[in-house]
file protein_10.tsv (TSV, C-alpha atoms)
chain	number	residue	atom	x	y	z
A	1	HIS	CA	103.91	89.82	87.97
A	2	VAL	CA	101.05	92.30	88.16
A	3	LYS	CA	98.43	89.53	88.03
A	4	ASP	CA	99.84	88.11	91.26
A	5	TYR	CA	98.24	91.09	93.00
A	6	SER	CA	94.70	90.27	91.89
A	7	LEU	CA	92.16	90.43	94.72
A	8	PHE	CA	91.28	86.83	93.92
A	9	GLN	CA	94.89	85.71	94.34
A	10	HIS	CA	95.12	87.56	97.64
A	11	ALA	CA	91.88	85.94	98.78
A	12	LYS	CA	93.35	82.50	98.05
A	13	ASP	CA	96.51	83.44	99.95
A	14	VAL	CA	94.60	84.55	103.05
A	15	LYS	CA	92.39	81.45	102.94
A	16	VAL	CA	95.50	79.23	102.85
A	17	LEU	CA	96.96	81.19	105.78
A	18	ILE	CA	93.79	80.72	107.85
A	19	ASP	CA	93.81	77.00	107.09
A	20	HIS	CA	97.50	76.77	107.95
A	21	ILE	CA	97.12	78.33	111.40
A	22	GLY	CA	94.28	76.07	112.39
A	23	GLY	CA	91.44	76.54	109.95
A	24	GLY	CA	87.92	76.99	111.20
A	25	GLN	CA	86.25	80.38	111.10
A	26	ALA	CA	87.87	83.81	111.26
A	27	VAL	CA	86.67	87.33	111.84
A	28	MET	CA	88.21	89.51	109.16
A	29	VAL	CA	89.18	93.16	109.59
A	30	GLY	CA	90.26	95.06	106.48
A	31	HIS	CA	91.33	98.61	105.76
A	32	ASP	CA	91.25	100.25	102.30
A	33	TRP	CA	92.13	97.57	99.75
A	34	GLY	CA	92.16	95.16	102.67
A	35	ALA	CA	88.47	96.00	103.11
A	36	ASN	CA	87.79	95.24	99.45
A	37	LEU	CA	89.62	91.93	99.94
A	38	MET	CA	87.57	91.17	103.04
A	39	TRP	CA	84.24	91.92	101.33
A	40	LEU	CA	85.26	89.52	98.56
A	41	MET	CA	86.41	86.77	100.94
A	42	ALA	CA	83.11	86.84	102.81
A	43	GLN	CA	81.43	85.82	99.56
A	44	LEU	CA	84.10	83.46	98.24
A	45	TYR	CA	84.59	81.57	101.51
A	46	PRO	CA	81.45	81.99	103.65
A	47	GLU	CA	82.32	78.83	105.58
A	48	THR	CA	85.59	80.45	106.72
A	49	VAL	CA	84.61	84.09	107.29
A	50	LYS	CA	82.49	84.34	110.45
A	51	ALA	CA	82.13	88.14	110.57
A	52	VAL	CA	83.56	91.19	108.82
A	53	ILE	CA	84.79	94.60	109.92
A	54	SER	CA	85.51	97.21	107.26
A	55	LEU	CA	87.64	100.27	107.88
A	56	SER	CA	87.13	103.20	105.48
A	57	ILE	CA	85.63	101.39	102.46
A	58	PRO	CA	81.84	100.91	102.37
A	59	PHE	CA	80.28	97.86	100.75
A	60	TYR	CA	78.42	98.25	97.48
A	61	PRO	CA	76.10	95.44	96.38
A	62	GLU	CA	77.55	95.57	92.89
A	63	PRO	CA	81.28	96.09	92.29
A	64	ARG	CA	81.96	99.40	90.62
A	65	ASP	CA	82.99	99.36	86.99
A	66	PRO	CA	86.64	100.52	86.71
A	67	ALA	CA	85.84	102.38	83.48
A	68	MET	CA	83.08	104.34	85.21
A	69	ILE	CA	85.33	105.10	88.18
A	70	ARG	CA	87.98	106.51	85.84
A	71	LYS	CA	85.38	108.64	84.12
A	72	GLN	CA	83.90	109.94	87.37
A	73	TRP	CA	87.15	110.33	89.31
A	74	SER	CA	89.70	111.32	86.69
A	75	SER	CA	92.27	112.71	89.09
A	76	VAL	CA	95.94	112.38	89.92
A	77	PHE	CA	95.08	109.03	91.55
A	78	THR	CA	94.32	107.60	88.11
A	79	ASN	CA	98.10	107.34	87.75
A	80	PHE	CA	98.09	104.48	90.29
A	81	GLU	CA	97.01	102.24	87.41
A	82	LYS	CA	99.77	103.38	85.07
A	83	LYS	CA	103.12	101.70	85.30
A	84	GLY	CA	106.04	103.81	86.46
A	85	ILE	CA	104.55	107.25	87.15
A	86	VAL	CA	103.96	106.93	90.89
A	87	GLU	CA	107.06	104.76	91.31
A	88	GLU	CA	109.20	107.53	89.81
A	89	GLU	CA	107.75	110.10	92.19
A	90	PHE	CA	108.39	107.84	95.16
A	91	GLU	CA	111.99	107.13	94.17
A	92	LYS	CA	112.82	110.84	93.91
A	93	ASP	CA	112.19	111.39	97.61
A	94	PRO	CA	110.71	108.43	99.54
A	95	GLU	CA	110.46	110.26	102.86
A	96	LEU	CA	108.72	113.30	101.41
A	97	PHE	CA	106.39	111.07	99.38
A	98	LEU	CA	105.20	109.11	102.41
A	99	LYS	CA	105.09	112.13	104.69
A	100	LEU	CA	102.80	114.01	102.26
A	101	PHE	CA	100.70	110.89	101.69
A	102	PHE	CA	100.10	110.31	105.40
A	103	PHE	CA	99.41	113.96	106.16
A	104	GLY	CA	97.35	114.75	103.07
A	105	LEU	CA	94.83	111.94	103.54
A	106	SER	CA	94.50	112.44	107.29
A	107	GLY	CA	92.10	114.45	109.38
A	108	ASP	CA	94.97	116.87	110.07
A	109	ALA	CA	95.09	118.03	106.45
A	110	PRO	CA	93.74	121.56	105.86
A	111	ASP	CA	90.12	122.02	104.82
A	112	GLY	CA	89.64	121.45	101.11
A	113	ALA	CA	92.71	119.22	100.71
A	114	ILE	CA	90.73	116.05	100.00
A	115	GLU	CA	88.40	117.89	97.61
A	116	LYS	CA	91.40	119.22	95.70
A	117	LEU	CA	93.02	115.80	95.43
A	118	TYR	CA	89.93	114.01	94.16
A	119	LEU	CA	87.98	116.73	92.35
A	120	LYS	CA	90.47	119.35	91.16
A	121	THR	CA	93.46	117.37	89.91
A	122	THR	CA	94.02	115.58	86.62
A	123	PRO	CA	96.25	112.65	85.55
A	124	GLU	CA	98.64	115.27	84.21
A	125	ASP	CA	99.23	116.53	87.75
A	126	ARG	CA	101.68	114.86	90.10
A	127	LEU	CA	101.07	113.63	93.64
A	128	LEU	CA	103.90	115.54	95.29
A	129	THR	CA	102.59	118.88	94.06
A	130	SER	CA	98.91	117.99	94.60
A	131	PHE	CA	99.15	117.11	98.29
A	132	PRO	CA	99.20	119.97	100.82
A	133	PRO	CA	102.62	120.72	102.33
A	134	ALA	CA	103.30	118.85	105.58
A	135	ALA	CA	105.14	121.33	107.79
A	136	TYR	CA	104.93	118.96	110.76
A	137	LEU	CA	104.21	115.33	111.56
A	138	PRO	CA	100.78	114.77	113.12
A	139	ALA	CA	100.77	113.67	116.75
A	140	TRP	CA	99.80	110.13	115.71
A	141	LEU	CA	102.80	109.71	113.36
A	142	SER	CA	106.27	109.65	114.91
A	143	GLN	CA	109.49	110.13	112.97
A	144	GLU	CA	110.40	106.59	114.01
A	145	ASP	CA	107.24	105.21	112.42
A	146	LEU	CA	107.75	107.25	109.27
A	147	ASP	CA	111.35	106.00	109.02
A	148	TYR	CA	110.09	102.43	109.31
A	149	TYR	CA	107.72	102.87	106.35
A	150	VAL	CA	110.38	104.66	104.30
A	151	ASN	CA	112.95	101.90	104.85
A	152	ALA	CA	110.41	99.15	104.12
A	153	TYR	CA	109.29	100.71	100.84
A	154	LYS	CA	112.86	101.47	99.80
A	155	LYS	CA	113.46	97.71	99.92
A	156	THR	CA	110.31	96.67	98.06
A	157	GLY	CA	109.55	99.65	95.86
A	158	MET	CA	106.02	100.93	95.34
A	159	SER	CA	104.89	98.65	92.49
A	160	GLY	CA	103.54	95.85	94.64
A	161	ALA	CA	101.32	98.24	96.61
A	162	LEU	CA	99.85	99.49	93.35
A	163	GLY	CA	99.15	95.99	92.02
A	164	PHE	CA	95.53	96.04	93.22
A	165	TYR	CA	94.80	99.09	91.06
A	166	ARG	CA	96.42	97.46	88.04
A	167	ASN	CA	94.16	94.40	88.23
A	168	THR	CA	90.79	96.13	88.41
A	169	ASP	CA	89.83	95.54	84.78
A	170	GLU	CA	90.65	91.84	84.93
A	171	ASP	CA	89.03	91.33	88.35
A	172	TYR	CA	85.81	93.21	87.52
A	173	PRO	CA	83.93	90.52	85.48
A	174	LYS	CA	84.67	87.86	88.12
A	175	MET	CA	83.71	90.28	90.90
A	176	LYS	CA	80.32	90.92	89.29
A	177	GLU	CA	79.57	87.21	89.35
A	178	ILE	CA	80.75	86.58	92.91
A	179	TYR	CA	78.90	89.62	94.27
A	180	LYS	CA	75.59	87.99	93.36
A	181	LYS	CA	76.06	85.83	96.47
A	182	GLY	CA	75.81	88.77	98.84
A	183	ILE	CA	77.21	89.01	102.37
A	184	HIS	CA	75.19	87.49	105.20
A	185	GLN	CA	77.74	87.52	108.00
A	186	PRO	CA	77.55	90.05	110.85
A	187	ALA	CA	79.27	93.26	109.70
A	188	LEU	CA	80.64	96.45	111.21
A	189	PHE	CA	81.74	99.54	109.30
A	190	ILE	CA	83.99	102.29	110.69
A	191	GLY	CA	84.94	105.27	108.55
A	192	GLY	CA	86.40	108.74	109.01
A	193	GLY	CA	84.31	111.81	108.40
A	194	LYS	CA	87.17	113.21	106.30
A	195	GLU	CA	87.71	109.96	104.38
A	196	ALA	CA	87.25	110.29	100.61
A	197	ALA	CA	85.37	106.97	100.32
A	198	VAL	CA	82.87	108.31	102.88
A	199	LYS	CA	82.69	111.94	101.73
A	200	PHE	CA	82.35	111.11	98.04
A	201	GLY	CA	80.76	107.69	98.43
A	202	SER	CA	77.74	106.45	100.35
A	203	THR	CA	76.98	104.14	103.23
A	204	GLY	CA	73.34	103.93	102.11
A	205	PRO	CA	73.69	100.93	99.78
A	206	MET	CA	75.53	99.06	102.53
A	207	LYS	CA	72.60	99.47	104.94
A	208	ASP	CA	70.22	97.98	102.38
A	209	ALA	CA	72.54	95.24	101.04
A	210	LEU	CA	73.88	93.77	104.29
A	211	PRO	CA	71.09	92.07	106.27
A	212	ASN	CA	73.35	91.70	109.32
A	213	ILE	CA	75.11	95.07	109.40
A	214	ARG	CA	75.30	95.79	113.12
A	215	LYS	CA	76.57	99.35	113.15
A	216	ILE	CA	77.97	102.09	110.94
A	217	ILE	CA	80.37	104.36	112.84
A	218	ILE	CA	81.63	107.63	111.37
A	219	LEU	CA	84.48	109.26	113.30
A	220	GLU	CA	84.14	112.98	112.72
A	221	GLY	CA	87.34	114.81	111.88
A	222	CYS	CA	89.17	111.55	111.17
A	223	GLY	CA	90.79	110.91	107.82
A	224	HIS	CA	91.99	107.78	106.07
A	225	TRP	CA	94.39	106.40	108.68
A	226	ILE	CA	91.84	105.28	111.27
A	227	GLN	CA	94.15	102.86	113.07
A	228	GLN	CA	96.74	105.56	113.70
A	229	GLU	CA	94.47	108.60	114.06
A	230	ARG	CA	91.87	107.09	116.41
A	231	PRO	CA	93.30	103.89	117.92
A	232	GLN	CA	91.32	103.97	121.16
A	233	GLU	CA	87.95	104.59	119.54
A	234	LEU	CA	88.70	101.94	116.93
A	235	ASN	CA	89.80	99.34	119.48
A	236	THR	CA	86.70	99.95	121.59
A	237	ALA	CA	84.44	99.50	118.56
A	238	LEU	CA	86.28	96.31	117.56
A	239	THR	CA	86.12	94.71	121.00
A	240	ASP	CA	82.45	95.67	121.48
A	241	PHE	CA	81.61	94.01	118.15
A	242	LEU	CA	83.64	90.90	118.93
A	243	ASP	CA	82.12	90.59	122.42
A	244	GLN	CA	78.68	90.71	120.83
A	245	GLU	CA	79.31	88.33	117.92
A	246	ILE	CA	81.82	85.80	119.25
A	247	LYS	CA	80.53	83.54	121.95
A	248	HIS	CA	83.34	82.31	124.18
call {"tool": "encode", "arguments": {"input": "protein_10.tsv", "output": "structure tokens"}}
result
Amino acid sequence: HVKDYSLFQHAKDVKVLIDHIGGGQAVMVGHDWGANLMWLMAQLYPETVKAVISLSIPFYPEPRDPAMIRKQWSSVFTNFEKKGIVEEEFEKDPELFLKLFFFGLSGDAPDGAIEKLYLKTTPEDRLLTSFPPAAYLPAWLSQEDLDYYVNAYKKTGMSGALGFYRNTDEDYPKMKEIYKKGIHQPALFIGGGKEAAVKFGSTGPMKDALPNIRKIIILEGCGHWIQQERPQELNTALTDFLDQEIKH
């Protein structure tokens, strides 16, 4: 059921997992919707979340109204919230779908690609014709890795991955209330210079809202897939943060 993919349900699931493997405190690292989940968990379960590391998605002291986001960013990505449209595109050609998705949101995409996707498309457009063509796989994405993703999503379909988007209206009122608590744990943010949430968003509110933000790192030329595009720089930033915050 779509409601099973609520951020609040996922937060409960992760909390149960932490308790199951020993409980205590955990440092949470989240990318994209995982970052949104992590920001929420830090406020829901402050006794469990010791520190937070966000990849790609800045923190905003107030959750953004889904209706305002739709109005501001009415693009092809709006279709993520609508049942069936993106699933149909995926099912037509799963390998092409994922190949274009990886390439188009990466730092390897041609200049202007991210601006086109977010600023110059409409819900009437389709993803496969909105992304730039991917004539080659980037050095950080092997055919073996791509095949793995393709086979995994062929088994599950794309609906589950889109569940977060389809719960935003229901989650929003509860998010507004929880976000009044704020985040007081040590925090690290790492984003790509060619990441849409960085280019079209702002890290400014995060600096003001997080009293224990340790560092904001922007990797120039990097797109959305930080873990794959810049693994060494990411790992160094993670271990430096952990060495500083976690006393052995």
call {"tool": "atom_distance", "arguments": {"input": "protein_10.tsv", "atom1": "CA of Glu89 in chain A", "atom2": "CA of Arg126 in chain A"}}
result
8.0 Å
call {"tool": "closest_residue", "arguments": {"input": "protein_10.tsv", "among": "A:Pro61, A:Asn235, A:Glu229, A:Ile21", "to": "Gln43 in chain A", "atoms": "all atoms listed in the file"}}
result
A:Pro61
call {"tool": "residues_around", "arguments": {"input": "protein_10.tsv", "residues": "Gly112 in chain A", "least_positions_apart": "4", "cutoff": "10 Å", "atoms": "only C-alpha atoms", "output": "PyMOL selection string"}}
result
chain A and resi 116-117+132
call {"tool": "closest_residue", "arguments": {"input": "protein_10.tsv", "among": "A:Lys83, A:Glu88, A:Met175, A:Ser74", "to": "Asn36 in chain A", "atoms": "all atoms listed in the file"}}
result
A:Met175
call {"tool": "residues_around", "arguments": {"input": "protein_10.tsv", "residues": "Lys99 in chain A", "least_positions_apart": "5", "cutoff": "9 Å", "atoms": "only C-alpha atoms", "output": "PyMOL selection string"}}
result
chain A and resi 94+104+134+137+146
call {"tool": "write_last_selection", "arguments": {"input": "protein_10.tsv", "atoms": "C-alpha atoms", "output": "mmCIF file, in the coordinates of the input"}}
result
data_model
loop_
_atom_site.group_PDB
_atom_site.id
_atom_site.type_symbol
_atom_site.label_atom_id
_atom_site.label_comp_id
_atom_site.auth_asym_id
_atom_site.auth_seq_id
_atom_site.Cartn_x
_atom_site.Cartn_y
_atom_site.Cartn_z
ATOM 1 C CA PRO A 94 110.710 108.430 99.540
ATOM 2 C CA GLY A 104 97.350 114.750 103.070
ATOM 3 C CA ALA A 134 103.300 118.850 105.580
ATOM 4 C CA LEU A 137 104.210 115.330 111.560
ATOM 5 C CA LEU A 146 107.750 107.250 109.270
#
call {"tool": "closest_atom_pairs", "arguments": {"input": "protein_10.tsv", "of": "range 37-138 of chain A", "to": "range 163-171 of chain A", "cutoff": "10 Å", "atoms": "only C-alpha atoms", "output": "JSON lines"}}
result
{"residue": "A:Leu37", "atom": "CA", "partner": "A:Phe164", "partner_atom": "CA", "distance": 9.8}
{"residue": "A:Pro63", "atom": "CA", "partner": "A:Asp171", "partner_atom": "CA", "distance": 9.9}
{"residue": "A:Arg64", "atom": "CA", "partner": "A:Thr168", "partner_atom": "CA", "distance": 9.7}
{"residue": "A:Asp65", "atom": "CA", "partner": "A:Asp169", "partner_atom": "CA", "distance": 8.1}
{"residue": "A:Pro66", "atom": "CA", "partner": "A:Asp169", "partner_atom": "CA", "distance": 6.2}
{"residue": "A:Ala67", "atom": "CA", "partner": "A:Asp169", "partner_atom": "CA", "distance": 8.0}
{"residue": "A:Phe77", "atom": "CA", "partner": "A:Tyr165", "partner_atom": "CA", "distance": 10.0}
{"residue": "A:Thr78", "atom": "CA", "partner": "A:Tyr165", "partner_atom": "CA", "distance": 9.0}
{"residue": "A:Asn79", "atom": "CA", "partner": "A:Tyr165", "partner_atom": "CA", "distance": 9.5}
{"residue": "A:Phe80", "atom": "CA", "partner": "A:Tyr165", "partner_atom": "CA", "distance": 6.4}
{"residue": "A:Glu81", "atom": "CA", "partner": "A:Arg166", "partner_atom": "CA", "distance": 4.9}
{"residue": "A:Lys82", "atom": "CA", "partner": "A:Arg166", "partner_atom": "CA", "distance": 7.4}
{"residue": "A:Lys83", "atom": "CA", "partner": "A:Arg166", "partner_atom": "CA", "distance": 8.4}
call {"tool": "atom_distance", "arguments": {"input": "protein_10.tsv", "atom1": "CA of Asn151 in chain A", "atom2": "CA of Asp93 in chain A"}}
result
12.0 Å
call {"tool": "atom_distance", "arguments": {"input": "protein_10.tsv", "atom1": "CA of Glu87 in chain A", "atom2": "CA of Gln228 in chain A"}}
result
24.7 Å
call {"tool": "residues_around", "arguments": {"input": "protein_10.tsv", "residues": "Leu40 in chain A", "least_positions_apart": "5", "cutoff": "12 Å", "atoms": "only C-alpha atoms", "output": "PyMOL selection string"}}
result
chain A and resi 6-12+14-15+28+30+33-35+45-46+49+52+54+59-63+171-172+174-183
call {"tool": "decode", "arguments": {"input": "protein_10.tsv", "residues": "range 183-196 of chain A", "atoms": "all heavy atoms", "output": "PDB file, in the first residue's frame"}}
result
ATOM      1  N   ILE A 183      17.071  20.114  15.116  1.00  0.00           N
ATOM      2  CA  ILE A 183      18.115  19.083  15.131  1.00  0.00           C
ATOM      3  C   ILE A 183      19.329  19.646  15.867  1.00  0.00           C
ATOM      4  O   ILE A 183      19.881  20.675  15.472  1.00  0.00           O
ATOM      5  CB  ILE A 183      18.496  18.665  13.703  1.00  0.00           C
ATOM      6  CG1 ILE A 183      17.311  17.939  13.057  1.00  0.00           C
ATOM      7  CG2 ILE A 183      19.742  17.767  13.699  1.00  0.00           C
ATOM      8  CD1 ILE A 183      17.536  17.543  11.626  1.00  0.00           C
ATOM      9  N   HIS A 184      19.728  18.961  16.914  1.00  0.00           N
ATOM     10  CA  HIS A 184      20.810  19.451  17.765  1.00  0.00           C
ATOM     11  C   HIS A 184      22.051  18.562  17.705  1.00  0.00           C
ATOM     12  O   HIS A 184      23.082  18.906  18.270  1.00  0.00           O
ATOM     13  CB  HIS A 184      20.305  19.586  19.205  1.00  0.00           C
ATOM     14  CG  HIS A 184      19.080  20.443  19.311  1.00  0.00           C
ATOM     15  ND1 HIS A 184      19.130  21.827  19.308  1.00  0.00           N
ATOM     16  CD2 HIS A 184      17.761  20.120  19.358  1.00  0.00           C
ATOM     17  CE1 HIS A 184      17.899  22.318  19.379  1.00  0.00           C
ATOM     18  NE2 HIS A 184      17.058  21.305  19.400  1.00  0.00           N
ATOM     19  N   GLN A 185      21.937  17.449  17.013  1.00  0.00           N
ATOM     20  CA  GLN A 185      23.078  16.541  16.889  1.00  0.00           C
ATOM     21  C   GLN A 185      24.139  17.140  15.966  1.00  0.00           C
ATOM     22  O   GLN A 185      23.841  17.976  15.109  1.00  0.00           O
ATOM     23  CB  GLN A 185      22.618  15.198  16.313  1.00  0.00           C
ATOM     24  CG  GLN A 185      21.681  14.413  17.211  1.00  0.00           C
ATOM     25  CD  GLN A 185      20.221  14.652  16.871  1.00  0.00           C
ATOM     26  OE1 GLN A 185      19.844  15.759  16.476  1.00  0.00           O
ATOM     27  NE2 GLN A 185      19.393  13.628  17.051  1.00  0.00           N
ATOM     28  N   PRO A 186      25.392  16.694  16.107  1.00  0.00           N
ATOM     29  CA  PRO A 186      26.420  17.068  15.131  1.00  0.00           C
ATOM     30  C   PRO A 186      25.981  16.656  13.723  1.00  0.00           C
ATOM     31  O   PRO A 186      25.391  15.586  13.535  1.00  0.00           O
ATOM     32  CB  PRO A 186      27.636  16.255  15.578  1.00  0.00           C
ATOM     33  CG  PRO A 186      27.410  15.993  17.033  1.00  0.00           C
ATOM     34  CD  PRO A 186      25.924  15.843  17.185  1.00  0.00           C
ATOM     35  N   ALA A 187      26.247  17.510  12.734  1.00  0.00           N
ATOM     36  CA  ALA A 187      25.768  17.259  11.371  1.00  0.00           C
ATOM     37  C   ALA A 187      26.855  17.591  10.356  1.00  0.00           C
ATOM     38  O   ALA A 187      27.670  18.501  10.554  1.00  0.00           O
ATOM     39  CB  ALA A 187      24.513  18.075  11.087  1.00  0.00           C
ATOM     40  N   LEU A 188      26.828  16.835   9.271  1.00  0.00           N
ATOM     41  CA  LEU A 188      27.714  17.066   8.130  1.00  0.00           C
ATOM     42  C   LEU A 188      26.862  17.019   6.879  1.00  0.00           C
ATOM     43  O   LEU A 188      25.982  16.168   6.751  1.00  0.00           O
ATOM     44  CB  LEU A 188      28.790  15.968   8.068  1.00  0.00           C
ATOM     45  CG  LEU A 188      29.657  15.885   6.796  1.00  0.00           C
ATOM     46  CD1 LEU A 188      30.558  17.109   6.667  1.00  0.00           C
ATOM     47  CD2 LEU A 188      30.485  14.599   6.795  1.00  0.00           C
ATOM     48  N   PHE A 189      27.115  17.951   5.960  1.00  0.00           N
ATOM     49  CA  PHE A 189      26.414  17.937   4.674  1.00  0.00           C
ATOM     50  C   PHE A 189      27.427  17.847   3.542  1.00  0.00           C
ATOM     51  O   PHE A 189      28.437  18.561   3.529  1.00  0.00           O
ATOM     52  CB  PHE A 189      25.572  19.200   4.469  1.00  0.00           C
ATOM     53  CG  PHE A 189      24.942  19.267   3.097  1.00  0.00           C
ATOM     54  CD1 PHE A 189      23.800  18.537   2.807  1.00  0.00           C
ATOM     55  CD2 PHE A 189      25.516  20.024   2.079  1.00  0.00           C
ATOM     56  CE1 PHE A 189      23.233  18.561   1.544  1.00  0.00           C
ATOM     57  CE2 PHE A 189      24.959  20.063   0.808  1.00  0.00           C
ATOM     58  CZ  PHE A 189      23.813  19.332   0.543  1.00  0.00           C
ATOM     59  N   ILE A 190      27.151  16.955   2.591  1.00  0.00           N
ATOM     60  CA  ILE A 190      27.991  16.824   1.396  1.00  0.00           C
ATOM     61  C   ILE A 190      27.078  16.824   0.181  1.00  0.00           C
ATOM     62  O   ILE A 190      26.147  16.009   0.091  1.00  0.00           O
ATOM     63  CB  ILE A 190      28.813  15.516   1.416  1.00  0.00           C
ATOM     64  CG1 ILE A 190      29.571  15.368   2.738  1.00  0.00           C
ATOM     65  CG2 ILE A 190      29.788  15.484   0.242  1.00  0.00           C
ATOM     66  CD1 ILE A 190      30.220  14.007   2.929  1.00  0.00           C
ATOM     67  N   GLY A 191      27.302  17.736  -0.734  1.00  0.00           N
ATOM     68  CA  GLY A 191      26.470  17.830  -1.930  1.00  0.00           C
ATOM     69  C   GLY A 191      27.313  18.063  -3.168  1.00  0.00           C
ATOM     70  O   GLY A 191      28.451  18.540  -3.092  1.00  0.00           O
ATOM     71  N   GLY A 192      26.773  17.712  -4.321  1.00  0.00           N
ATOM     72  CA  GLY A 192      27.458  17.946  -5.584  1.00  0.00           C
ATOM     73  C   GLY A 192      27.163  19.336  -6.127  1.00  0.00           C
ATOM     74  O   GLY A 192      26.050  19.846  -5.966  1.00  0.00           O
ATOM     75  N   GLY A 193      28.139  19.922  -6.763  1.00  0.00           N
ATOM     76  CA  GLY A 193      27.937  21.235  -7.357  1.00  0.00           C
ATOM     77  C   GLY A 193      26.925  21.221  -8.487  1.00  0.00           C
ATOM     78  O   GLY A 193      26.323  22.249  -8.801  1.00  0.00           O
ATOM     79  N   LYS A 194      26.732  20.041  -9.110  1.00  0.00           N
ATOM     80  CA  LYS A 194      25.757  19.908 -10.192  1.00  0.00           C
ATOM     81  C   LYS A 194      24.518  19.131  -9.741  1.00  0.00           C
ATOM     82  O   LYS A 194      23.807  18.555 -10.548  1.00  0.00           O
ATOM     83  CB  LYS A 194      26.411  19.230 -11.404  1.00  0.00           C
ATOM     84  CG  LYS A 194      27.511  20.071 -12.041  1.00  0.00           C
ATOM     85  CD  LYS A 194      28.175  19.375 -13.222  1.00  0.00           C
ATOM     86  CE  LYS A 194      27.302  19.361 -14.452  1.00  0.00           C
ATOM     87  NZ  LYS A 194      28.014  18.829 -15.639  1.00  0.00           N
ATOM     88  N   GLU A 195      24.267  19.143  -8.450  1.00  0.00           N
ATOM     89  CA  GLU A 195      23.083  18.519  -7.855  1.00  0.00           C
ATOM     90  C   GLU A 195      21.938  19.528  -7.845  1.00  0.00           C
ATOM     91  O   GLU A 195      22.106  20.663  -7.414  1.00  0.00           O
ATOM     92  CB  GLU A 195      23.418  18.066  -6.434  1.00  0.00           C
ATOM     93  CG  GLU A 195      22.254  17.924  -5.488  1.00  0.00           C
ATOM     94  CD  GLU A 195      21.325  16.790  -5.874  1.00  0.00           C
ATOM     95  OE1 GLU A 195      21.829  15.672  -6.122  1.00  0.00           O
ATOM     96  OE2 GLU A 195      20.109  17.019  -5.923  1.00  0.00           O
ATOM     97  N   ALA A 196      20.757  19.118  -8.307  1.00  0.00           N
ATOM     98  CA  ALA A 196      19.619  20.027  -8.398  1.00  0.00           C
ATOM     99  C   ALA A 196      19.248  20.617  -7.039  1.00  0.00           C
ATOM    100  O   ALA A 196      18.937  21.810  -6.933  1.00  0.00           O
ATOM    101  CB  ALA A 196      18.409  19.295  -8.993  1.00  0.00           C
TER     102      ALA A 196
END
